Each structure stands twice: as C-alpha cells, then as structure tokens.
>>> print(open('coords.cif').read())   # mmCIF, C-alpha atoms
data_structure
loop_
_atom_site.label_atom_id
_atom_site.label_comp_id
_atom_site.auth_asym_id
_atom_site.auth_seq_id
_atom_site.Cartn_x
_atom_site.Cartn_y
_atom_site.Cartn_z
CA MET N 1 -64.83 56.93 42.98
CA PRO N 2 -66.73 57.73 39.77
CA GLU N 3 -63.42 58.79 38.29
CA PHE N 4 -61.93 55.39 39.14
CA ILE N 5 -64.85 53.58 37.48
CA HIS N 6 -64.38 55.75 34.40
CA THR N 7 -60.69 54.84 34.30
CA GLN N 8 -61.38 51.14 34.55
CA LYS N 9 -63.94 51.39 31.77
CA GLY N 10 -61.56 53.46 29.65
CA MET N 11 -58.85 50.85 30.06
CA SER N 12 -60.96 47.81 29.26
CA MET N 13 -59.26 45.86 26.48
CA LYS N 14 -61.01 45.27 23.18
CA TRP N 15 -59.21 42.09 22.24
CA LEU N 16 -60.50 41.64 18.70
CA ARG N 17 -59.64 45.23 17.86
CA ALA N 18 -56.21 44.83 19.45
CA ALA N 19 -55.53 41.62 17.50
CA LEU N 20 -56.54 43.25 14.22
CA LEU N 21 -54.38 46.27 15.01
CA VAL N 22 -51.36 44.04 15.73
CA CYS N 23 -51.91 42.12 12.46
CA PHE N 24 -52.32 45.35 10.51
CA ILE N 25 -49.19 46.93 11.95
CA ALA N 26 -47.26 43.67 11.38
CA VAL N 27 -48.19 43.72 7.67
CA ILE N 28 -47.26 47.42 7.44
CA GLN N 29 -43.96 46.68 9.19
CA ALA N 30 -43.20 43.78 6.83
CA GLY N 31 -43.98 45.79 3.72
CA LEU N 32 -44.45 49.53 3.78
CA ALA N 33 -41.85 50.26 6.46
CA ASN N 34 -39.23 49.52 3.79
CA VAL N 35 -40.23 52.78 2.08
CA LEU N 36 -38.94 54.63 5.12
CA ALA N 37 -35.63 52.73 5.23
CA VAL N 38 -32.58 54.98 5.36
CA THR N 39 -28.83 54.53 4.95
CA SER N 40 -27.09 51.52 3.46
CA LEU N 41 -27.80 49.65 6.71
CA ASN N 42 -31.51 49.65 5.83
CA ILE N 43 -32.53 51.26 9.12
CA LYS N 44 -36.29 51.57 9.37
CA PRO N 45 -38.73 52.41 12.17
CA ASP N 46 -40.10 49.50 14.18
CA LEU N 47 -43.81 50.19 14.39
CA LEU N 48 -44.41 47.06 16.48
CA LEU N 49 -42.12 48.49 19.15
CA ALA N 50 -44.15 51.70 19.27
CA LEU N 51 -47.33 49.60 19.46
CA MET N 52 -45.91 47.61 22.37
CA VAL N 53 -45.12 50.81 24.26
CA PHE N 54 -48.59 52.14 23.47
CA PHE N 55 -50.27 49.08 25.00
CA ALA N 56 -47.85 49.04 27.94
CA VAL N 57 -48.67 52.62 28.92
CA SER N 58 -52.38 52.57 28.18
CA SER N 59 -53.75 49.24 29.39
CA THR N 60 -53.72 47.14 32.52
CA SER N 61 -50.53 45.27 33.44
CA ARG N 62 -52.01 41.88 32.58
CA ASP N 63 -53.26 43.01 29.16
CA ALA N 64 -49.98 44.79 28.45
CA ILE N 65 -47.93 41.67 29.23
CA VAL N 66 -50.11 39.41 27.05
CA LEU N 67 -50.01 41.90 24.17
CA SER N 68 -46.24 42.40 24.48
CA PHE N 69 -45.63 38.71 23.92
CA ALA N 70 -48.16 38.66 21.07
CA ILE N 71 -46.47 41.64 19.41
CA GLY N 72 -43.09 39.96 19.87
CA PHE N 73 -44.44 36.83 18.21
CA ALA N 74 -45.71 38.97 15.31
CA ALA N 75 -42.26 40.58 15.04
CA ASP N 76 -40.70 37.11 14.88
CA VAL N 77 -43.12 35.91 12.22
CA ILE N 78 -42.45 38.83 9.86
CA THR N 79 -38.66 38.42 10.10
CA ILE N 80 -38.30 35.73 7.44
CA GLY N 81 -35.03 33.84 7.43
CA GLN N 82 -34.23 34.55 11.08
CA PRO N 83 -34.82 32.17 14.01
CA MET N 84 -38.09 32.66 15.87
CA GLY N 85 -38.17 33.39 19.57
CA PRO N 86 -35.71 36.25 20.20
CA ARG N 87 -38.29 38.96 19.56
CA THR N 88 -41.07 37.14 21.42
CA ILE N 89 -38.81 36.99 24.46
CA SER N 90 -37.36 40.50 24.20
CA PHE N 91 -40.68 42.23 23.47
CA GLY N 92 -42.33 40.19 26.23
CA LEU N 93 -39.65 41.00 28.78
CA ILE N 94 -39.49 44.71 28.07
CA GLY N 95 -43.28 44.95 27.75
CA THR N 96 -43.64 43.30 31.15
CA MET N 97 -41.04 45.64 32.61
CA LEU N 98 -42.82 48.69 31.15
CA ALA N 99 -46.18 47.50 32.45
CA HIS N 100 -44.76 47.20 35.97
CA ILE N 101 -43.00 50.56 35.70
CA HIS N 102 -46.28 52.09 34.58
CA ASN N 103 -47.87 50.93 37.84
CA VAL N 104 -45.65 53.31 39.78
CA LEU N 105 -44.68 55.91 37.18
CA VAL N 106 -47.21 57.47 34.84
CA ILE N 107 -45.98 57.91 31.30
CA ARG N 108 -48.55 60.49 30.35
CA LYS N 109 -47.07 62.98 27.91
CA ILE N 110 -46.43 62.04 24.32
CA SER N 111 -42.83 63.26 24.67
CA HIS N 112 -42.32 60.85 27.59
CA GLN N 113 -43.77 58.04 25.50
CA VAL N 114 -41.37 58.89 22.67
CA VAL N 115 -38.44 58.68 25.09
CA THR N 116 -39.86 55.39 26.39
CA VAL N 117 -39.97 54.02 22.83
CA PHE N 118 -36.33 54.98 22.34
CA PHE N 119 -35.02 53.31 25.50
CA SER N 120 -37.32 50.31 25.08
CA GLY N 121 -35.96 49.95 21.54
CA LEU N 122 -32.38 49.92 22.79
CA LEU N 123 -33.22 47.12 25.24
CA VAL N 124 -35.51 45.11 22.94
CA PHE N 125 -33.13 45.10 19.97
CA SER N 126 -30.07 44.44 22.11
CA ILE N 127 -31.72 41.44 23.76
CA SER N 128 -33.12 40.08 20.48
CA ASN N 129 -29.73 40.46 18.75
CA PHE N 130 -28.06 38.63 21.61
CA LEU N 131 -30.63 35.81 21.53
CA THR N 132 -30.33 35.58 17.73
CA PHE N 133 -26.59 35.23 18.18
CA LEU N 134 -27.16 32.44 20.70
CA ALA N 135 -29.61 30.72 18.37
CA ASN N 136 -27.62 30.66 15.13
CA HIS N 137 -24.35 32.50 15.84
CA SER N 138 -25.08 35.14 13.21
CA VAL N 139 -24.62 38.79 14.09
CA VAL N 140 -26.09 41.80 12.35
CA THR N 141 -23.31 43.84 10.78
CA HIS N 142 -22.83 47.17 12.56
CA ALA N 143 -25.17 45.89 15.28
CA TYR N 144 -24.69 48.89 17.59
CA THR N 145 -25.45 51.39 14.83
CA VAL N 146 -28.50 49.43 13.71
CA VAL N 147 -29.85 49.14 17.29
CA LEU N 148 -29.30 52.83 18.00
CA GLY N 149 -30.58 53.95 14.59
CA THR N 150 -33.69 51.77 14.71
CA SER N 151 -34.52 52.89 18.25
CA LEU N 152 -34.10 56.55 17.34
CA TYR N 153 -36.07 56.22 14.12
CA SER N 154 -38.83 54.28 15.91
CA SER N 155 -39.12 56.96 18.57
CA ILE N 156 -39.40 59.66 15.89
CA ALA N 157 -42.09 57.70 14.07
CA ALA N 158 -43.91 56.67 17.27
CA PRO N 159 -46.23 59.74 17.64
CA PHE N 160 -47.66 59.02 14.18
CA LEU N 161 -48.69 55.58 15.43
CA LEU N 162 -49.48 56.27 19.10
CA LEU N 163 -52.21 58.84 18.47
CA PRO N 164 -54.12 56.91 15.75
CA SER N 165 -53.80 53.73 17.84
CA ALA N 166 -55.26 55.51 20.87
CA TRP N 167 -58.13 56.76 18.76
CA LEU N 168 -58.69 53.36 17.15
CA MET N 169 -58.63 51.50 20.45
CA ARG N 170 -60.72 54.24 22.13
CA MET N 171 -58.15 54.10 24.93
CA LYS N 172 -56.85 56.77 27.19
CA THR N 173 -53.09 56.95 27.08
CA SER N 174 -52.84 58.00 30.73
CA ARG N 175 -54.39 56.91 34.00
CA LEU N 176 -56.68 59.56 35.34
CA ASN N 177 -56.64 58.52 39.00
CA ARG N 178 -53.04 59.52 39.58
CA MET S 1 -42.00 33.55 28.05
CA LEU S 2 -41.95 29.78 27.91
CA GLY S 3 -43.42 29.99 24.41
CA GLY S 4 -40.58 32.27 23.35
CA VAL S 5 -37.96 29.88 24.72
CA ILE S 6 -39.67 26.93 22.98
CA LEU S 7 -39.66 28.88 19.70
CA LEU S 8 -35.98 29.72 20.23
CA VAL S 9 -34.91 26.10 20.66
CA THR S 10 -37.20 24.78 17.91
CA PRO S 11 -35.25 23.99 14.70
CA GLN S 12 -35.40 26.85 12.21
CA THR S 13 -36.76 24.55 9.51
CA VAL S 14 -39.92 24.20 11.62
CA THR S 15 -40.28 27.86 12.61
CA ASP S 16 -39.69 28.93 9.02
CA LYS S 17 -43.09 27.46 8.24
CA PHE S 18 -44.79 30.09 10.45
CA GLN S 19 -42.94 32.84 8.62
CA LEU S 20 -43.73 31.46 5.18
CA ALA S 21 -47.37 30.99 6.17
CA PHE S 22 -47.47 34.69 7.05
CA ALA S 23 -45.92 35.57 3.68
CA ARG S 24 -48.49 33.40 1.91
CA ILE S 25 -51.52 34.67 3.85
CA PHE S 26 -50.62 38.33 3.40
CA ARG S 27 -49.21 37.88 -0.08
CA THR S 28 -51.47 40.52 -1.65
CA PRO S 29 -50.83 43.41 0.78
CA LEU S 30 -47.13 42.53 0.90
CA GLY S 31 -47.03 42.57 -2.91
CA VAL S 32 -48.70 45.98 -2.98
CA SER S 33 -46.24 47.26 -0.35
CA ARG S 34 -43.39 45.92 -2.42
CA SER S 35 -44.63 47.74 -5.52
CA ILE S 36 -44.97 50.97 -3.57
CA THR S 37 -41.46 50.55 -2.15
CA LEU S 38 -40.04 49.95 -5.60
CA SER S 39 -41.84 52.88 -7.18
CA ALA S 40 -40.65 55.11 -4.32
CA ARG S 41 -37.07 54.03 -4.89
CA THR S 42 -37.19 54.44 -8.68
CA SER S 43 -39.16 57.65 -8.88
CA GLN S 44 -36.46 59.60 -10.70
CA PRO S 45 -37.05 59.68 -14.49
CA VAL S 46 -34.74 57.70 -16.74
CA LYS S 47 -33.48 59.72 -19.66
CA ASP S 48 -31.50 57.01 -21.42
CA VAL S 49 -32.63 55.79 -24.80
CA VAL S 50 -32.60 52.29 -23.35
CA SER S 51 -33.80 51.84 -19.79
CA ARG S 52 -31.14 51.31 -17.14
CA GLY S 53 -32.44 47.82 -16.37
CA GLU S 54 -32.32 46.81 -20.03
CA TYR S 55 -28.86 48.34 -20.36
CA ASN S 56 -27.53 46.42 -17.37
CA LYS S 57 -29.10 43.22 -18.62
CA LEU S 58 -27.50 43.64 -22.06
CA LEU S 59 -24.18 44.49 -20.44
CA ASN S 60 -24.33 41.33 -18.35
CA GLN S 61 -25.33 39.29 -21.37
CA LEU S 62 -22.37 40.70 -23.28
CA ALA S 63 -20.00 39.83 -20.43
CA ASN S 64 -21.33 36.27 -20.28
CA VAL S 65 -21.14 35.77 -24.02
CA THR S 66 -17.63 37.21 -24.14
CA GLN S 67 -16.58 34.89 -21.35
CA GLN S 68 -18.14 31.88 -23.07
CA LEU S 69 -16.47 32.90 -26.33
CA ASP S 70 -13.08 33.09 -24.62
CA GLN S 71 -13.60 29.66 -23.14
CA ALA S 72 -14.78 28.28 -26.44
CA GLN S 73 -11.72 29.66 -28.20
CA GLN S 74 -9.42 28.09 -25.61
CA LYS S 75 -11.22 24.82 -25.99
CA VAL S 76 -11.04 24.95 -29.75
CA GLU S 77 -7.34 25.63 -29.59
CA ALA S 78 -6.81 22.81 -27.11
CA LEU S 79 -8.89 20.20 -28.84
CA SER S 80 -8.02 21.19 -32.37
CA GLY S 81 -11.44 21.81 -33.69
CA LEU S 82 -13.50 19.36 -31.66
CA HIS S 83 -17.09 20.54 -31.51
CA ARG S 84 -18.34 21.63 -28.13
CA LYS S 85 -21.97 21.90 -27.34
CA PHE S 86 -23.06 25.14 -25.68
CA ALA S 87 -23.08 24.52 -21.95
CA ALA S 88 -26.45 26.11 -21.32
CA ALA S 89 -28.13 23.55 -23.56
CA ASP S 90 -27.77 21.04 -20.71
CA ALA S 91 -29.69 23.23 -18.32
CA LYS S 92 -33.31 24.08 -17.84
CA PHE S 93 -34.54 27.21 -16.15
CA VAL S 94 -37.35 27.26 -13.61
CA LEU S 95 -38.97 30.67 -13.59
CA ALA S 96 -40.22 31.77 -10.19
CA GLU S 97 -41.82 34.82 -8.65
CA VAL S 98 -40.32 36.60 -5.67
CA ILE S 99 -42.71 36.38 -2.72
CA LYS S 100 -40.63 38.16 -0.14
CA SER S 101 -37.23 39.73 -0.11
CA SER S 102 -34.78 41.08 2.40
CA SER S 103 -31.26 42.40 2.09
CA THR S 104 -29.81 38.89 2.41
CA ASP S 105 -32.48 36.43 1.26
CA ILE S 106 -35.47 36.15 -1.01
CA VAL S 107 -38.31 33.66 -0.99
CA ILE S 108 -39.62 32.34 -4.30
CA ASN S 109 -42.86 30.57 -5.14
CA CYS S 110 -41.33 27.33 -6.51
CA GLY S 111 -39.99 24.49 -4.43
CA GLN S 112 -39.73 20.73 -4.46
CA ASN S 113 -42.72 20.68 -6.82
CA TYR S 114 -40.35 22.07 -9.50
CA SER S 115 -37.43 19.78 -8.63
CA LEU S 116 -35.54 22.55 -6.87
CA SER S 117 -32.89 21.53 -4.41
CA LYS S 118 -30.31 23.14 -2.15
CA GLY S 119 -27.27 24.65 -3.81
CA GLN S 120 -28.84 25.35 -7.21
CA PHE S 121 -27.86 28.72 -8.61
CA VAL S 122 -30.44 31.43 -9.12
CA MET S 123 -30.09 34.01 -11.84
CA ALA S 124 -31.77 37.25 -12.82
CA GLU S 125 -30.97 39.73 -15.57
CA ASP S 126 -28.45 37.22 -16.91
CA SER S 127 -26.39 37.20 -13.76
CA ILE S 128 -26.08 34.95 -10.73
CA ILE S 129 -27.81 36.51 -7.72
CA GLY S 130 -27.52 33.64 -5.23
CA SER S 131 -28.25 30.03 -4.55
CA ILE S 132 -31.04 27.99 -3.01
CA SER S 133 -30.49 27.66 0.73
CA ASP S 134 -33.74 25.98 1.77
CA VAL S 135 -36.47 24.21 -0.15
CA TRP S 136 -40.00 23.43 0.91
CA ALA S 137 -42.89 21.87 -0.95
CA GLN S 138 -43.99 24.97 -2.83
CA THR S 139 -41.47 27.62 -1.89
CA ALA S 140 -37.74 28.02 -1.61
CA GLN S 141 -35.38 30.42 0.04
CA VAL S 142 -32.59 31.98 -1.98
CA ARG S 143 -29.46 33.12 -0.20
CA LEU S 144 -28.20 36.18 -2.04
CA ILE S 145 -24.52 36.58 -2.87
CA THR S 146 -24.51 39.59 -0.54
CA SER S 147 -25.59 37.49 2.46
CA PRO S 148 -22.88 37.01 5.10
CA LYS S 149 -23.59 33.28 4.91
CA SER S 150 -22.96 33.18 1.13
CA LYS S 151 -19.65 31.76 -0.04
CA ILE S 152 -19.06 31.02 -3.72
CA ALA S 153 -16.06 30.31 -5.92
CA VAL S 154 -15.44 33.10 -8.39
CA LYS S 155 -12.85 34.38 -10.78
CA ILE S 156 -11.99 37.87 -11.82
CA GLY S 157 -12.61 37.67 -15.55
CA ARG S 158 -9.89 39.87 -17.01
CA LEU S 159 -7.16 38.34 -14.86
CA ASN S 160 -8.44 34.75 -14.68
CA VAL S 161 -7.72 34.71 -10.94
CA GLU S 162 -9.84 32.37 -8.84
CA ALA S 163 -10.96 33.13 -5.28
CA VAL S 164 -13.78 32.74 -2.79
CA MET S 165 -16.34 35.52 -2.55
CA ARG S 166 -18.32 36.09 0.66
CA GLY S 167 -21.27 38.42 1.16
CA ASP S 168 -20.84 41.29 3.59
CA GLY S 169 -24.54 41.75 4.44
CA LYS S 170 -24.42 45.36 3.25
CA GLY S 171 -25.39 44.89 -0.37
CA SER S 172 -21.92 43.89 -1.54
CA ALA S 173 -19.52 40.95 -1.35
CA ARG S 174 -15.83 40.72 -0.50
CA ILE S 175 -12.96 38.84 -2.07
CA ARG S 176 -9.81 38.41 -0.03
CA LEU S 177 -6.65 36.33 -0.34
CA ILE S 178 -5.75 37.59 -3.82
CA PRO S 179 -2.09 38.67 -3.94
CA VAL S 180 -1.50 42.32 -4.84
CA LYS S 181 0.69 41.22 -7.75
CA HIS S 182 -2.55 40.79 -9.71
CA LYS S 183 -3.60 44.13 -11.17
CA VAL S 184 -7.23 44.23 -10.12
CA ARG S 185 -9.10 47.28 -11.36
CA ILE S 186 -12.40 48.86 -10.38
CA GLY S 187 -14.98 47.70 -12.90
CA ASP S 188 -13.45 44.27 -13.50
CA GLU S 189 -16.11 41.63 -14.02
CA VAL S 190 -16.41 38.83 -11.48
CA PHE S 191 -17.77 35.45 -12.60
CA ALA S 192 -19.17 32.51 -10.65
CA LEU S 193 -17.05 29.48 -11.44
CA LYS S 194 -18.42 26.28 -12.87
CA ALA S 195 -19.67 23.94 -10.14
CA ALA S 196 -20.27 20.26 -10.76
CA GLY S 197 -23.96 19.57 -11.19
CA MET S 198 -24.90 23.17 -10.45
CA LEU S 199 -23.38 25.44 -13.08
CA ASN S 200 -21.82 24.35 -16.36
CA TRP S 201 -20.48 27.68 -17.49
CA PRO S 202 -19.03 30.75 -15.75
CA MET S 203 -21.58 33.48 -15.22
CA ILE S 204 -21.23 37.07 -14.16
CA VAL S 205 -22.09 37.92 -10.53
CA GLY S 206 -20.77 41.43 -10.11
CA ARG S 207 -18.12 44.01 -10.76
CA VAL S 208 -15.26 45.20 -8.62
CA SER S 209 -16.41 48.42 -6.96
CA ASN S 210 -13.51 48.95 -4.59
CA CYS S 211 -10.04 47.50 -4.32
CA ARG S 212 -7.58 48.25 -1.55
CA THR S 213 -4.85 46.42 0.30
CA ASP S 214 -5.99 44.25 3.19
CA ASP S 215 -5.61 45.94 6.59
CA GLY S 216 -4.28 42.73 8.13
CA ASN S 217 -1.95 41.76 5.30
CA PRO S 218 -0.73 44.44 2.88
CA LEU S 219 0.35 41.74 0.42
CA LEU S 220 -3.27 40.82 -0.27
CA TRP S 221 -6.17 42.67 -1.84
CA ASP S 222 -9.43 43.43 -0.04
CA ILE S 223 -11.83 43.61 -2.98
CA THR S 224 -15.42 44.78 -2.79
CA VAL S 225 -17.77 43.41 -5.43
CA LYS S 226 -21.07 45.09 -6.27
CA PRO S 227 -23.72 42.75 -7.75
CA VAL S 228 -24.66 43.60 -11.33
CA CYS S 229 -28.32 42.90 -10.64
CA ASP S 230 -30.45 45.14 -8.43
CA VAL S 231 -32.27 42.52 -6.36
CA ASP S 232 -34.63 45.07 -4.81
CA SER S 233 -36.34 45.62 -8.15
CA LEU S 234 -36.75 41.95 -9.01
CA ASN S 235 -40.12 40.32 -9.41
CA ASP S 236 -38.99 37.15 -11.22
CA VAL S 237 -35.90 34.98 -11.08
CA ALA S 238 -34.76 31.80 -12.83
CA VAL S 239 -33.34 28.78 -11.06
CA ILE S 240 -30.74 26.81 -13.03
CA VAL S 241 -31.58 23.11 -12.96
CA LEU S 242 -29.02 20.99 -14.76
CA ASN S 243 -29.97 17.75 -16.47
CA GLN S 244 -28.54 15.03 -14.26
CA GLN S 245 -28.52 12.29 -16.92
CA LYS S 246 -25.76 13.99 -18.94
#
>>> encode(input="coords.cif", output="structure tokens")
Amino acid sequence: MPEFIHTQKGMSMKWLRAALLVCFIAVIQAGLANVLAVTSLNIKPDLLLALMVFFAVSSTSRDAIVLSFAIGFAADVITIGQPMGPRTISFGLIGTMLAHIHNVLVIRKISHQVVTVFFSGLLVFSISNFLTFLANHSVVTHAYTVVLGTSLYSSIAAPFLLLPSAWLMRMKTSRLNR
Amino acid sequence: MLGGVILLVTPQTVTDKFQLAFARIFRTPLGVSRSITLSARTSQPVKDVVSRGEYNKLLNQLANVTQQLDQAQQKVEALSGLHRKFAAADAKFVLAEVIKSSSTDIVINCGQNYSLSKGQFVMAEDSIIGSISDVWAQTAQVRLITSPKSKIAVKIGRLNVEAVMRGDGKGSARIRLIPVKHKVRIGDEVFALKAAGMLNWPMIVGRVSNCRTDDGNPLLWDITVKPVCDVDSLNDVAVIVLNQQK
C-alpha cells in the first residue's frame, strides 16, 4: 500500500511545468530542430512526438490524453502554412491509444520507449498526412520516406529528450506497482 | 478531438492567425535558432576573393542586365530609335524581413500596411524567389518558386522558349512540355516572364540543373531548374510593387 501511494504521488501532474515544457519543446522544434535536418527531404526529429510518448508512458491516462491533444495543437501551430487540426487529431488519437495500452502493458525500459516512439511516429505522421490531404488536397512529396525517416530519426533522438524531461518533471517513467 | 475536427474544418485563413501569432510571440528565440541553423550550414570557410553570396548576386545581376539589354536592342531595332524608359523605374521595392521560413514558404514582416497584395513578385539577390500567396495586416506569406503550389510563366533565356515552371517541393522546380528540338543545356538561365501589373521586365529565377527526356513522352524535355538564390540564408527580401497609375 505505501508503494501505491508513492506511485500516485510520483505520477501527480505538474501542469504549469508541463505547459512550459511543451512550449519550450515547440519552440525548439520550430527552430533548432532544423539544424538536425538531413537529406534533401529535410527529415528532422520530431521532439513533440517523443514528448507525447514520454507523457503517455509516465502519467495517468487522463493527463496523458489531455497532454497529447495539447502537444498536437502545439505541433499544428508551429507548422506555418499548413492547415491546423491534422496533428491535434493524430497526436490526440495515438496519445489516447498509448495511454490505454500503458494501463495493461508497462513500457518501462528506455529501449521499449524508443520503439514506442518509432511506431507512434509511423501512425501519427500517416494519420496527419492523410488528414492534411483531406483538408487541402496537398501531399508531401515522398510521403512514405518522410514518415519512415522522421519516425526513425525521432526514435533515435528520443532518449536525449525522455531522460531530461523525466528529470525536469520529477516523474517516474514506469509504474512501480506492476 | 472535437477541437481538432473544428480546427480542421476552419478556413486556413483563420487558423493561419494562430500560427503567425506563434511566430510573432516567439520571434526572438526563433530568430536565434535561425541564425544558429544558418551558421551550422555555412560553417565551411569561403576561400574566394569575393564571397559566394556576392558572386551569385553579381552573376544574377549580370544575367538580368544582359537580358534587359537584349530586349532593349530588339526594341530599338523595332521602333527605330524610340526611347524606352527602363522598366524598373515604374516599380518600387518594399524591403521586408523574413520572420519564418520553410522549404516551400516564407513569412515576411510587411503586409497590407505596405500595400502588398496577392500575386506580387518577391525578389532577393536580384532574382525572383516567389510571389505573395497570402497577405495580412502586418505580415505576408511568400510562396517560393520551389513550392508544389507555385506555377509561373518563364522562358529559357538563351533559347527564348516560353513555358510554365512548377515547384517540386524539393528545393527545385520543373519545366515540362518543351519539345526536345530545343537544345536546352545545363546552366541555361531561366527568367520569369513579364506579367501585367506584377512584373515589367524579365528577371532571372534559376538555372537549368538537369535536363532529360520526359518519361511519359520522349518528345518533350523534363527540365529541372535550381533557384539562383539560396532562400535558407535570406534575412531580407524585396517585394516588387508596380505603380498602378502608369
């Protein structure tokens, strides 16, 4: 029982800190992530995706779902020139799915979280590309390569964000009562 | 979820305001990030006597002047000595700073407050880089010639062949529907054609970087055009605003 109380306390959400972290990562994603861009397709890591996975595997389902939509909204806002909504929906959907999966399957190890980032990226970017196509009928050139490349690159970059985020949020990245 | 769907069906002109508000609020950190990105991309030392940027600018200027000279000579021959005023004298240039850029669009800090309107051409380093696609009160969005949505009338300077150039979204543009009987060469200059009320004189946009026969029709060229201006390194651009009373 004491262990359970400790877990609940460890998972309590610090909303102001989370909001500032999302804003900070959004600004980094809009600006500095371009430094890491590779190939002529301008493939760069999606730090907001890694952040979504971090919250999904380290907070309660309700918090994770709220933050997934918020992170998706941030991803929409920083994508100037593109319709808003596709990322809010795709991040929200996949974040919700991850939060529910995390209720039955613990994603404890950092390597598992990296794999989660990769597969989440595939789903998130595929859905957002599809919704963008529905919204304005424009398709990213070499969409499959970009989706695969961005997911892979995001998963490689994820550990560099997951660990500092865990420290910053004073959160445990696994549930101890399992 | 409902919020996302509402955002999706909201007209882009409305949702753009959220995105531009973000760009305005975080202008300083985004500007710093942009400088870091640029310095990271141009870290290799330049050994030329004249910097590469200056060289490209002069090269573009030379191409424009040569083109204008050719036109002037043709005009002189046709009109038997009638004086022609230099076309650029009818235009004014609105200098603007780049707030945000992507591979297909840039956002500048001038808008309706500087009489900018859709369709006006935007130049940098003496070359056309795109045209205004959206204008707001204090900002405007420039669609680059490399954007898949960009479509401008051009001519290949040396051959005087006119065509439509479309962006390919990968940092280049494509020209199709030019018969292979025209001897297009790599390095040929490509000029934006005069457009009524928008551009009074042809201006360089790029150079032919690749030229091969079209996969679908071997009687036509599939020409790739590389812009002469490196948009990634731009901080300022000039919008061409023609005097309407002329």
>>> resolve_selection(input="coords.cif", expression="the PyMOL selection byres ((chain N and resi 157-165) around 10)", output="PyMOL selection string")
chain N and resi 18+21+25+36+44-55+110-111+113-115+117-118+151-156+166-171+173
>>> interface_residues(input="coords.cif", of="chain N", to="chain S", cutoff="10 Å", atoms="all atoms listed in the file", output="number ranges by chain")
N: 23, 26-37, 40-42, 69, 72-74, 76-93, 131-132, 134-136, 138-142
>>> resolve_selection(input="coords.cif", expression="the PyMOL selection byres ((chain N and resi 56) around 9)", output="number ranges by chain")
N: 51-55, 57-61, 63-65, 67-68, 95-100, 102
>>> atom_distance(input="coords.cif", atom1="atom CA of Ile43 of chain N", atom2="atom CA of Thr150 of chain N")
5.7 Å
>>> resolve_selection(input="coords.cif", expression="the PyMOL selection byres ((chain S and resi 180) around 12)", output="list in words")
Val161, Arg176, Leu177, Ile178, Pro179, Lys181, His182, Lys183, Val184, Arg185, Cys211, Arg212, Thr213, Asp214, Asn217, Pro218, Leu219, Leu220, Trp221, Asp222 and Ile223 of chain S
>>> atom_distance(input="coords.cif", atom1="atom CA of Ala192 of chain S", atom2="atom CA of Trp136 of chain S")
25.5 Å
>>> residues_around(input="coords.cif", residues="Val208 of chain S", least_positions_apart="6", cutoff="10 Å", atoms="all atoms listed in the file", output="PyMOL selection string")
chain S and resi 156+172-175+184-190+223-228
>>> build_atoms(input="coords.cif", residues="segment 52-68 of chain S", atoms="N, CA and C atoms", output="PDB file, in the coordinates of the input")
ATOM      1  N   ARG S  52     -32.324  51.732 -17.883  1.00  0.00           N
ATOM      2  CA  ARG S  52     -31.140  51.310 -17.140  1.00  0.00           C
ATOM      3  C   ARG S  52     -31.137  49.793 -16.918  1.00  0.00           C
ATOM      4  N   GLY S  53     -32.326  49.265 -16.608  1.00  0.00           N
ATOM      5  CA  GLY S  53     -32.440  47.820 -16.370  1.00  0.00           C
ATOM      6  C   GLY S  53     -32.076  47.024 -17.613  1.00  0.00           C
ATOM      7  N   GLU S  54     -32.596  47.502 -18.758  1.00  0.00           N
ATOM      8  CA  GLU S  54     -32.320  46.810 -20.030  1.00  0.00           C
ATOM      9  C   GLU S  54     -30.836  46.920 -20.359  1.00  0.00           C
ATOM     10  N   TYR S  55     -30.276  48.110 -20.094  1.00  0.00           N
ATOM     11  CA  TYR S  55     -28.860  48.340 -20.360  1.00  0.00           C
ATOM     12  C   TYR S  55     -27.988  47.399 -19.540  1.00  0.00           C
ATOM     13  N   ASN S  56     -28.312  47.308 -18.243  1.00  0.00           N
ATOM     14  CA  ASN S  56     -27.530  46.420 -17.370  1.00  0.00           C
ATOM     15  C   ASN S  56     -27.653  44.976 -17.796  1.00  0.00           C
ATOM     16  N   LYS S  57     -28.863  44.604 -18.200  1.00  0.00           N
ATOM     17  CA  LYS S  57     -29.100  43.220 -18.620  1.00  0.00           C
ATOM     18  C   LYS S  57     -28.267  42.903 -19.864  1.00  0.00           C
ATOM     19  N   LEU S  58     -28.276  43.854 -20.824  1.00  0.00           N
ATOM     20  CA  LEU S  58     -27.500  43.640 -22.060  1.00  0.00           C
ATOM     21  C   LEU S  58     -26.002  43.597 -21.750  1.00  0.00           C
ATOM     22  N   LEU S  59     -25.604  44.452 -20.819  1.00  0.00           N
ATOM     23  CA  LEU S  59     -24.180  44.490 -20.440  1.00  0.00           C
ATOM     24  C   LEU S  59     -23.755  43.162 -19.823  1.00  0.00           C
ATOM     25  N   ASN S  60     -24.621  42.634 -18.975  1.00  0.00           N
ATOM     26  CA  ASN S  60     -24.330  41.330 -18.350  1.00  0.00           C
ATOM     27  C   ASN S  60     -24.299  40.224 -19.386  1.00  0.00           C
ATOM     28  N   GLN S  61     -25.258  40.304 -20.314  1.00  0.00           N
ATOM     29  CA  GLN S  61     -25.330  39.290 -21.370  1.00  0.00           C
ATOM     30  C   GLN S  61     -24.040  39.328 -22.192  1.00  0.00           C
ATOM     31  N   LEU S  62     -23.593  40.542 -22.493  1.00  0.00           N
ATOM     32  CA  LEU S  62     -22.370  40.700 -23.280  1.00  0.00           C
ATOM     33  C   LEU S  62     -21.175  40.093 -22.543  1.00  0.00           C
ATOM     34  N   ALA S  63     -21.110  40.373 -21.223  1.00  0.00           N
ATOM     35  CA  ALA S  63     -20.000  39.830 -20.430  1.00  0.00           C
ATOM     36  C   ALA S  63     -20.018  38.316 -20.431  1.00  0.00           C
ATOM     37  N   ASN S  64     -21.213  37.740 -20.291  1.00  0.00           N
ATOM     38  CA  ASN S  64     -21.330  36.270 -20.280  1.00  0.00           C
ATOM     39  C   ASN S  64     -20.930  35.678 -21.624  1.00  0.00           C
ATOM     40  N   VAL S  65     -21.428  36.296 -22.682  1.00  0.00           N
ATOM     41  CA  VAL S  65     -21.140  35.770 -24.020  1.00  0.00           C
ATOM     42  C   VAL S  65     -19.645  35.881 -24.319  1.00  0.00           C
ATOM     43  N   THR S  66     -19.059  37.017 -23.920  1.00  0.00           N
ATOM     44  CA  THR S  66     -17.630  37.210 -24.140  1.00  0.00           C
ATOM     45  C   THR S  66     -16.833  36.145 -23.397  1.00  0.00           C
ATOM     46  N   GLN S  67     -17.259  35.889 -22.160  1.00  0.00           N
ATOM     47  CA  GLN S  67     -16.580  34.890 -21.350  1.00  0.00           C
ATOM     48  C   GLN S  67     -16.705  33.499 -21.976  1.00  0.00           C
ATOM     49  N   GLN S  68     -17.917  33.186 -22.436  1.00  0.00           N
ATOM     50  CA  GLN S  68     -18.140  31.880 -23.070  1.00  0.00           C
ATOM     51  C   GLN S  68     -17.333  31.771 -24.359  1.00  0.00           C
TER      52      GLN S  68
END
